Structures are given as C-alpha cells and as structure tokens.
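Q: Quick one: the structure is below, and I'll ask about it shortly.
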Amino acid sequence: MQRREFLKFAGLAGATATTQEAFCRTTGFSGELTGRAMGADYGLLECADAGILAAMSRSRNGILRCTVNDHTHCCDAGLRWGTANALNDLYFGLYGGLLIGGADQHAVFRKELRTIAQYVKTSPNHPPVPWSVSADGLHPRFNNEPGYDLDRCAEFVLEVVRTYEMTGDRRFAADLYPRCREVVDFLAVRDLDGDLLPEGRTEVFTGPIGPGGCACSSVTYIGDTSANAWKDFGATLFYYEALRRLAVLEDALGRGPEAFRHREQALRVRNAARQILWHDPTDGFVAWIDKNGSQHDDWITGNNLHAVACGLASREQSAKILKRLEEHRAEIEEIVPCRVRIGIFAEGLCSNLPEDYWNGGIWTLVAAPDMLARARMGDVVGALRVAELLATRPKVTDVGFYEAYDGKTGEPNNCRGLLMNNGGFIWGFFEAVMGIELEGDEVRFRSFVPKQITPARARLRYRGADLDIQWRSDSKPRATLDGRSLTRNDAGFYPLHLSPEPERRYQVEIITEDIPHGRPTT
C-alpha cells in the first residue's frame, strides 16, 4: 500500500505533515505497507483489510495515550480529565485495552481497580462504587443517593472478572472478590418493589437534567443527560451481567455454592426483565419506567443490542431487535454507525439538543454490543460490515474516534481520542469478527472468520505469556497450538484451558472455513 492510501485509510489525508509522520512512525509504516503494522507489539498485527488494520492501530494508539501514570488512565487521549475514569469509560477501555496491551498495561488496569476497590463500601448517602478516583488515588468521587449509577457499580464487577480472565492473577481476584460481592448485594437491595429489578432514586427527581444534576439510574448507553430516574433497563441489564459473571469468578475461586446461587438469581432477573421491560410494539426493551408506572418506549441501541449479546434477550426477542435495527439502518448507520437511539427524546427528557450527544447523537462505543449481537445471532459478516464502516466513515484522528458525533451531520465534537470509544471498537472486533472469547479459565477461538480479512495475525498478552494467533483460509478447517491439533466443540470453537509458562510465546493457527450462513456462534 502506498503512503497516500495508508494515510487516507487512517483518516489523516488532510492532516499536517508532522501529524502524518508521527502516525507513520507509531504504526511502523516505512514507505510501503503490505497489511502489517510493524510497530504494534500487541493487538491486530496483520490483516488483509488494510482499512481495518489502520483503524485498529488508531484505536490502540488512543488507548495507550490515555495512560496517565503507572496506575490509572484518563478518559481521553488529550488528558483533559486527569482522573481515573468514570466506571463506564473504564469498562470499554479495559475490555479493549487488555486485548492490545502488554504486561505494563495489564498492570495499570489491575492497579486502577485496586485503587477503586479500596473505596467500595455501602453507604446510605451514595452508591458503593465511586464513579471516579483522582490520578493519585486519594480522592474518590461519588454521586449522591444510592440509586444513582447502578450500572457503573455493576461494571466494577465486570471489570474485575475480565481482568482476572486475561491476567490469571488469582491474588487480585481473591482480594477484590469481597468488594464484588458487596456490589451485587447492594444491587439486590435496590429491588424496592419486589419485582427482582433494581430501582433508582427513592424520591421523584426535580433537579436539572444534565451532567452534575441528572437523575440517571444508568448511564452506559443512554447517557448522563436523560431523566431515567427509576427502573432503567440499562441498570437491570448490567445487574444481570454482574450476577452471571460473578458466578464465573466464583467457579474459578472454588466457590461453587455461591456461583450456583448467583446463576439462579441471574436467571430470575433475566426472566423478570423479559416480561416487565419488553415492549412488543417497538420490538425492543423500554428505556425506563417512571415511579408512577409510565413506560418510556425509547429504543436505545446499545441497551437492546447488549441484551442480545449477553443472552438477556430471548432468541425470539433477539431476532426482533436485529430486524428493527435493519429496518432503521439509514438512521442508525448511514451517517456514522452507532447512533445511540432511534429518534430523539421527548421534550424535557434530555438536556441535549436534538441529534446532539446522547439525544440522537453517535457514540462509537456502541460498536461493541452491535458487533457482538450480530455475531451471537450468526451474522459474522454483518459484524464485519459494521467494523468496516467504522474504519472508513467517521472523522478520526491519529488516536482514534472522537467522543461523540452529530446524529444528523456526522460532525464530531472537539474531544478527540476517547478511551471508551476506542475500547468498544477493539473489543467488538476481536470478539465478534475474529471470534476470540474468554470465559473464566478458558480462552476459545471460533473456527471461522470472514475469509476476506485473511490472512490475519494478532498477538495477545494472556496470563503472563504471549499468544501469537494466525488465521488463514483453506478448504479444510482446523486449528493447532504449537503444532498440536485442537478439538472443535459443538458450538464451533476451539477451547483452551491453558496454564501458560511465564514469558513463553505460544503459536495458535486457525485455518478458517467458509462462514456458515445463519449459524449461531454461541
């Protein structure tokens, strides 16, 4: 690939010569590119789709640039917020960052979660988990009232579990496990009306809607500028995920009875959500329910797709959600992929202007549930299409995606290189398109990837060792670990229960088959 074409793929065709040169040095470009990012130690190193390769390199750069010191990250590459991230920023950043980081980045994530964990404590005045901690680790910040930030509390549990899965650090997992239990116990107590779903503020919210004054029970996919004060679907969604994933950690720690109880509770919460929050007329889950029982049937993209990806939605509900997504493709995808919702909020329910920020704006962090939902329902080609759109359509910088894009024009705001947007893109691509999954002490590789992105190569830092993974196409699918054949399971994955030798490099080769149309991957 010629330098001009590479810079066009990277979104830097009109950048200054200094910026272009810096990006070429960062990605290892030295005049000709043959689908290989020579300077990247971890993450996607080679791909037949040069646009995807450049996009993944940008997002990797963005995450690494967010590192503030050896124990915390900032929310954006410009380091405008010199704090540990809001928990939802860290959630996407960590899920993507662990996939592109080496030992040093893995250490930073562990230290960051330990810093947050020291402040996790149930209080009558605020949630147990701070939404942010200062970069020196001395100043936690909590939002008022316990019912606020329910999903961000649950994300602390998810981050701890994923960090254990990737690093294998049992001391870390054992130390933080009691804090995770405290969080899920708090969320269980937030079922204030006996329907198994957590509720938000106990009093009707009368303050200004917006950052610093919003009523949110959940912020991850609906934002911190809406009036979702009581029974928010996002809060239920992440509570279900926290229960299910905590059980995975408990199994790994030899706590079988606790794992059984939490799985049973997760099933009860899932079934209650399917009945109480599903809305047939819109083929999706309601955004939230007010304390007086009024339903808000706003179709929130990330919430609905995450419900498909994690199994909270039934197969029938999942099919309806994806059908709804396709029916609104022009609105959801055509300007910039990953619009946060269909339509805009009714007047008075969001502090943003129409099509702006969380009110019909675009956040590319939605790429994670979008790609994952499609892959779960067997549409791996559709997941790749989303990745290709994100690799070529939005305005970007050398540190990846902006914070938000206007829903009508696609113009970005002025915050470049957001940790959570870059993390969501990397996570969604690796898991949904490349088929790499983690579950407890198992890492597994899907037997098929889209042939048009092969040959491809990635390197992951997994439990103190390096996994070099290569994909290529052939008529007969197979996989090997250091030359030894792997056995494919009934779900179409090659599972590994690997206890790596520290600093050893393992070679994984996946010979991919044609993608079977419509076959679920999980």
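How things are named: the first chain in the structure tokens is A, the next is B, and so on; residues count from 1 in each chain; ligands count from 1 in the order shown.
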Could I get the residues of stretch 453-507 of chain A with an atom no further than 8 Å from an atom of stretch 162-168 of chain A, each paired with its nearest atom pair and that distance in Å to one decimal, using only C-alpha atoms, sorted by chain and residue number, as CSV?

A:
```
residue,atom,partner,partner_atom,distance
A:Arg461,CA,A:Met166,CA,7.8
A:Tyr462,CA,A:Met166,CA,5.5
A:Arg463,CA,A:Thr167,CA,4.1
A:Gly464,CA,A:Thr167,CA,6.6
```

Q: Write the residues of the preceding selection, restricted to N, CA, C and O atoms, as a short mmCIF file (atom, residue, chain, number, x, y, z; two decimals), in the first residue's frame.

A:
```cif
data_model
loop_
_atom_site.label_atom_id
_atom_site.label_comp_id
_atom_site.auth_asym_id
_atom_site.auth_seq_id
_atom_site.Cartn_x
_atom_site.Cartn_y
_atom_site.Cartn_z
N ARG A 461 -1.49 -10.66 25.07
CA ARG A 461 -0.81 -10.97 26.33
C ARG A 461 -1.81 -11.71 27.20
O ARG A 461 -2.81 -11.12 27.65
N TYR A 462 -1.60 -13.00 27.42
CA TYR A 462 -2.56 -13.82 28.13
C TYR A 462 -1.89 -14.52 29.29
O TYR A 462 -1.02 -15.37 29.11
N ARG A 463 -2.22 -14.10 30.50
CA ARG A 463 -1.76 -14.75 31.72
C ARG A 463 -0.24 -14.86 31.79
O ARG A 463 0.32 -15.92 32.09
N GLY A 464 0.42 -13.76 31.42
CA GLY A 464 1.87 -13.69 31.54
C GLY A 464 2.64 -14.23 30.38
O GLY A 464 3.87 -14.21 30.38
#
```

Q: How would you write, as number ranges by chain, the set of residues in stretch 102-194 of chain A that DSSP gives as strand (DSSP E)?

A: A: 132-133, 140-141

Q: Just want the 12 Å neighbourhood of A:Ser294, counted on only C-alpha atoms, with same-chain residues fewer than 6 positions away dropped. Output as a ChimeraX atom specification.

A: /A:228-232,277,286-288

Q: Take the residues just selected and output them with C-alpha atoms as a PDB file, in the first residue's frame.

A:
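Wrote again02.pdb, looks like this:
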```pdb
ATOM      1  CA  ASN A 228     -34.189   7.913  33.650  1.00  0.00           C
ATOM      2  CA  ALA A 229     -34.562   8.052  37.412  1.00  0.00           C
ATOM      3  CA  TRP A 230     -36.412   4.873  38.470  1.00  0.00           C
ATOM      4  CA  LYS A 231     -36.499   1.490  36.681  1.00  0.00           C
ATOM      5  CA  ASP A 232     -33.940   1.816  33.884  1.00  0.00           C
ATOM      6  CA  LEU A 277     -39.414  -4.431  30.259  1.00  0.00           C
ATOM      7  CA  VAL A 286     -38.262   0.047  27.076  1.00  0.00           C
ATOM      8  CA  ALA A 287     -35.687   2.643  28.050  1.00  0.00           C
ATOM      9  CA  TRP A 288     -37.086   3.137  31.542  1.00  0.00           C
TER      10      TRP A 288
END
```

Q: Could you find all residues in stretch 92-200 of chain A that DSSP calls helix (DSSP H, G or I) from the backbone, and write them as a count of residues only?

A: 62

Q: Which residues are close to A:Glu331, i.e. within 9 Å by only C-alpha atoms, leaving aside same-chain residues fewer than 2 positions away? Reply as a ChimeraX atom specification.

A: /A:328-329,333-335,337,339,342-343,407-408

Q: Just the residues within 7 Å of stretch 236-252 of chain A, please, counting only C-alpha atoms, with nothing from its chain fewer than 6 positions along; format it as a compact mmCIF listing (two decimals) with N, CA and C atoms, in the first residue's frame.

A:
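And here's part-v5.txt as it stands now:
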```txt
# COMPACT_ATOMS: atom_id res chain seq x y z
N ASP A 151 -25.63 1.01 37.02
CA ASP A 151 -24.88 0.22 36.03
C ASP A 151 -23.38 0.37 36.22
N ALA A 154 -22.23 -2.08 38.76
CA ALA A 154 -22.12 -3.42 38.19
C ALA A 154 -20.89 -3.56 37.31
N VAL A 157 -17.72 -4.93 38.86
CA VAL A 157 -17.65 -6.39 38.93
C VAL A 157 -17.18 -6.96 37.60
N LEU A 158 -17.74 -6.47 36.49
CA LEU A 158 -17.38 -6.97 35.17
C LEU A 158 -15.91 -6.72 34.87
N VAL A 161 -13.72 -9.21 36.86
CA VAL A 161 -13.76 -10.57 36.31
C VAL A 161 -12.96 -10.65 35.01
N VAL A 184 -22.94 -6.58 44.27
CA VAL A 184 -24.15 -7.30 43.84
C VAL A 184 -25.16 -7.37 44.97
N LEU A 187 -26.97 -4.09 44.79
CA LEU A 187 -27.92 -4.04 43.67
C LEU A 187 -29.15 -4.87 43.95
N LEU A 197 -36.08 -6.44 39.86
CA LEU A 197 -35.31 -5.47 39.09
C LEU A 197 -34.90 -4.30 39.98
N PRO A 198 -33.67 -3.80 39.85
CA PRO A 198 -33.22 -2.70 40.71
C PRO A 198 -33.90 -1.38 40.34
N GLU A 258 -21.80 -20.47 46.03
CA GLU A 258 -22.10 -19.07 45.73
C GLU A 258 -22.35 -18.88 44.24
N ALA A 259 -21.55 -19.55 43.41
CA ALA A 259 -21.73 -19.44 41.96
C ALA A 259 -23.11 -19.95 41.56
N HIS A 262 -25.80 -17.35 42.51
CA HIS A 262 -25.79 -16.15 41.67
C HIS A 262 -26.28 -16.45 40.25
N ARG A 263 -26.00 -17.63 39.74
CA ARG A 263 -26.55 -18.01 38.43
C ARG A 263 -28.07 -18.12 38.50
N ALA A 266 -29.44 -14.69 38.58
CA ALA A 266 -29.34 -14.08 37.25
C ALA A 266 -30.48 -14.55 36.35
N VAL A 269 -33.65 -12.74 37.37
CA VAL A 269 -33.64 -11.34 36.91
C VAL A 269 -33.87 -11.29 35.40
N ARG A 270 -33.23 -12.18 34.65
CA ARG A 270 -33.41 -12.22 33.20
C ARG A 270 -34.87 -12.45 32.84
N ALA A 307 -28.35 -6.61 25.25
CA ALA A 307 -29.24 -7.66 25.74
C ALA A 307 -29.17 -8.90 24.85
N GLY A 440 -13.98 -17.35 32.19
CA GLY A 440 -13.29 -17.97 33.31
C GLY A 440 -11.86 -18.34 32.95
N ASP A 441 -11.50 -19.60 33.13
CA ASP A 441 -10.14 -20.06 32.84
C ASP A 441 -10.01 -20.64 31.44
```

Q: Could you jot down the atom CA of A:Gly483 to atom CA of A:Tyr506 separation for me, Å, one decimal place?

A: 9.9 Å

Q: Quick one: everything within 10 Å of A:Thr122, counting only C-alpha atoms, minus sequence neighbours fewer than 2 positions away in the same chain. Send it as a list in words.

A: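 Here the qualifying residues turn out to be Tyr119, Val120, Pro124, Asn125, His126, Pro127, Pro128, Val129, Pro146, Arg179, Glu182, Val183, Asp185 and Phe186 of chain A.
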
Q: So that I have them on file, write out the residues from the current selection with N, CA, C and O atoms, as a PDB file, in the first residue's frame.

A:
```pdb
ATOM      1  N   TYR A 119     -12.169   2.002  47.989  1.00  0.00           N
ATOM      2  CA  TYR A 119     -13.242   2.915  48.369  1.00  0.00           C
ATOM      3  C   TYR A 119     -14.630   2.290  48.229  1.00  0.00           C
ATOM      4  O   TYR A 119     -15.639   2.960  48.467  1.00  0.00           O
ATOM      5  N   VAL A 120     -14.705   1.019  47.804  1.00  0.00           N
ATOM      6  CA  VAL A 120     -16.003   0.372  47.623  1.00  0.00           C
ATOM      7  C   VAL A 120     -16.572   0.017  48.996  1.00  0.00           C
ATOM      8  O   VAL A 120     -16.021  -0.828  49.708  1.00  0.00           O
ATOM      9  N   PRO A 124     -25.382   4.902  53.097  1.00  0.00           N
ATOM     10  CA  PRO A 124     -26.760   5.377  52.907  1.00  0.00           C
ATOM     11  C   PRO A 124     -26.853   6.622  52.039  1.00  0.00           C
ATOM     12  O   PRO A 124     -27.940   7.002  51.619  1.00  0.00           O
ATOM     13  N   ASN A 125     -25.710   7.260  51.751  1.00  0.00           N
ATOM     14  CA  ASN A 125     -25.720   8.542  51.034  1.00  0.00           C
ATOM     15  C   ASN A 125     -25.279   8.463  49.590  1.00  0.00           C
ATOM     16  O   ASN A 125     -25.488   9.401  48.830  1.00  0.00           O
ATOM     17  N   HIS A 126     -24.644   7.359  49.203  1.00  0.00           N
ATOM     18  CA  HIS A 126     -24.152   7.251  47.833  1.00  0.00           C
ATOM     19  C   HIS A 126     -23.976   5.782  47.470  1.00  0.00           C
ATOM     20  O   HIS A 126     -23.958   4.909  48.357  1.00  0.00           O
ATOM     21  N   PRO A 127     -23.827   5.468  46.184  1.00  0.00           N
ATOM     22  CA  PRO A 127     -23.580   4.079  45.768  1.00  0.00           C
ATOM     23  C   PRO A 127     -22.265   3.571  46.350  1.00  0.00           C
ATOM     24  O   PRO A 127     -21.404   4.361  46.748  1.00  0.00           O
ATOM     25  N   PRO A 128     -22.062   2.260  46.389  1.00  0.00           N
ATOM     26  CA  PRO A 128     -20.823   1.740  46.984  1.00  0.00           C
ATOM     27  C   PRO A 128     -19.575   1.989  46.153  1.00  0.00           C
ATOM     28  O   PRO A 128     -18.470   1.951  46.689  1.00  0.00           O
ATOM     29  N   VAL A 129     -19.734   2.225  44.853  1.00  0.00           N
ATOM     30  CA  VAL A 129     -18.579   2.359  43.963  1.00  0.00           C
ATOM     31  C   VAL A 129     -18.430   3.821  43.540  1.00  0.00           C
ATOM     32  O   VAL A 129     -19.395   4.430  43.055  1.00  0.00           O
ATOM     33  N   PRO A 146     -28.051   6.520  46.825  1.00  0.00           N
ATOM     34  CA  PRO A 146     -27.600   5.175  46.452  1.00  0.00           C
ATOM     35  C   PRO A 146     -28.138   4.677  45.114  1.00  0.00           C
ATOM     36  O   PRO A 146     -27.517   3.841  44.478  1.00  0.00           O
ATOM     37  N   ARG A 179     -15.318  -7.189  47.537  1.00  0.00           N
ATOM     38  CA  ARG A 179     -15.896  -5.924  47.067  1.00  0.00           C
ATOM     39  C   ARG A 179     -16.947  -6.188  45.978  1.00  0.00           C
ATOM     40  O   ARG A 179     -17.971  -5.503  45.900  1.00  0.00           O
ATOM     41  N   GLU A 182     -20.076  -7.253  47.631  1.00  0.00           N
ATOM     42  CA  GLU A 182     -20.754  -6.105  48.237  1.00  0.00           C
ATOM     43  C   GLU A 182     -21.573  -5.351  47.191  1.00  0.00           C
ATOM     44  O   GLU A 182     -22.682  -4.887  47.468  1.00  0.00           O
ATOM     45  N   VAL A 183     -21.043  -5.256  45.992  1.00  0.00           N
ATOM     46  CA  VAL A 183     -21.751  -4.541  44.928  1.00  0.00           C
ATOM     47  C   VAL A 183     -23.022  -5.279  44.517  1.00  0.00           C
ATOM     48  O   VAL A 183     -24.092  -4.674  44.414  1.00  0.00           O
ATOM     49  N   ASP A 185     -24.718  -7.418  46.214  1.00  0.00           N
ATOM     50  CA  ASP A 185     -25.662  -7.378  47.331  1.00  0.00           C
ATOM     51  C   ASP A 185     -26.373  -6.030  47.385  1.00  0.00           C
ATOM     52  O   ASP A 185     -27.580  -5.967  47.657  1.00  0.00           O
ATOM     53  N   PHE A 186     -25.641  -4.959  47.122  1.00  0.00           N
ATOM     54  CA  PHE A 186     -26.257  -3.628  47.066  1.00  0.00           C
ATOM     55  C   PHE A 186     -27.300  -3.557  45.959  1.00  0.00           C
ATOM     56  O   PHE A 186     -28.409  -3.045  46.156  1.00  0.00           O
TER      57      PHE A 186
END
```
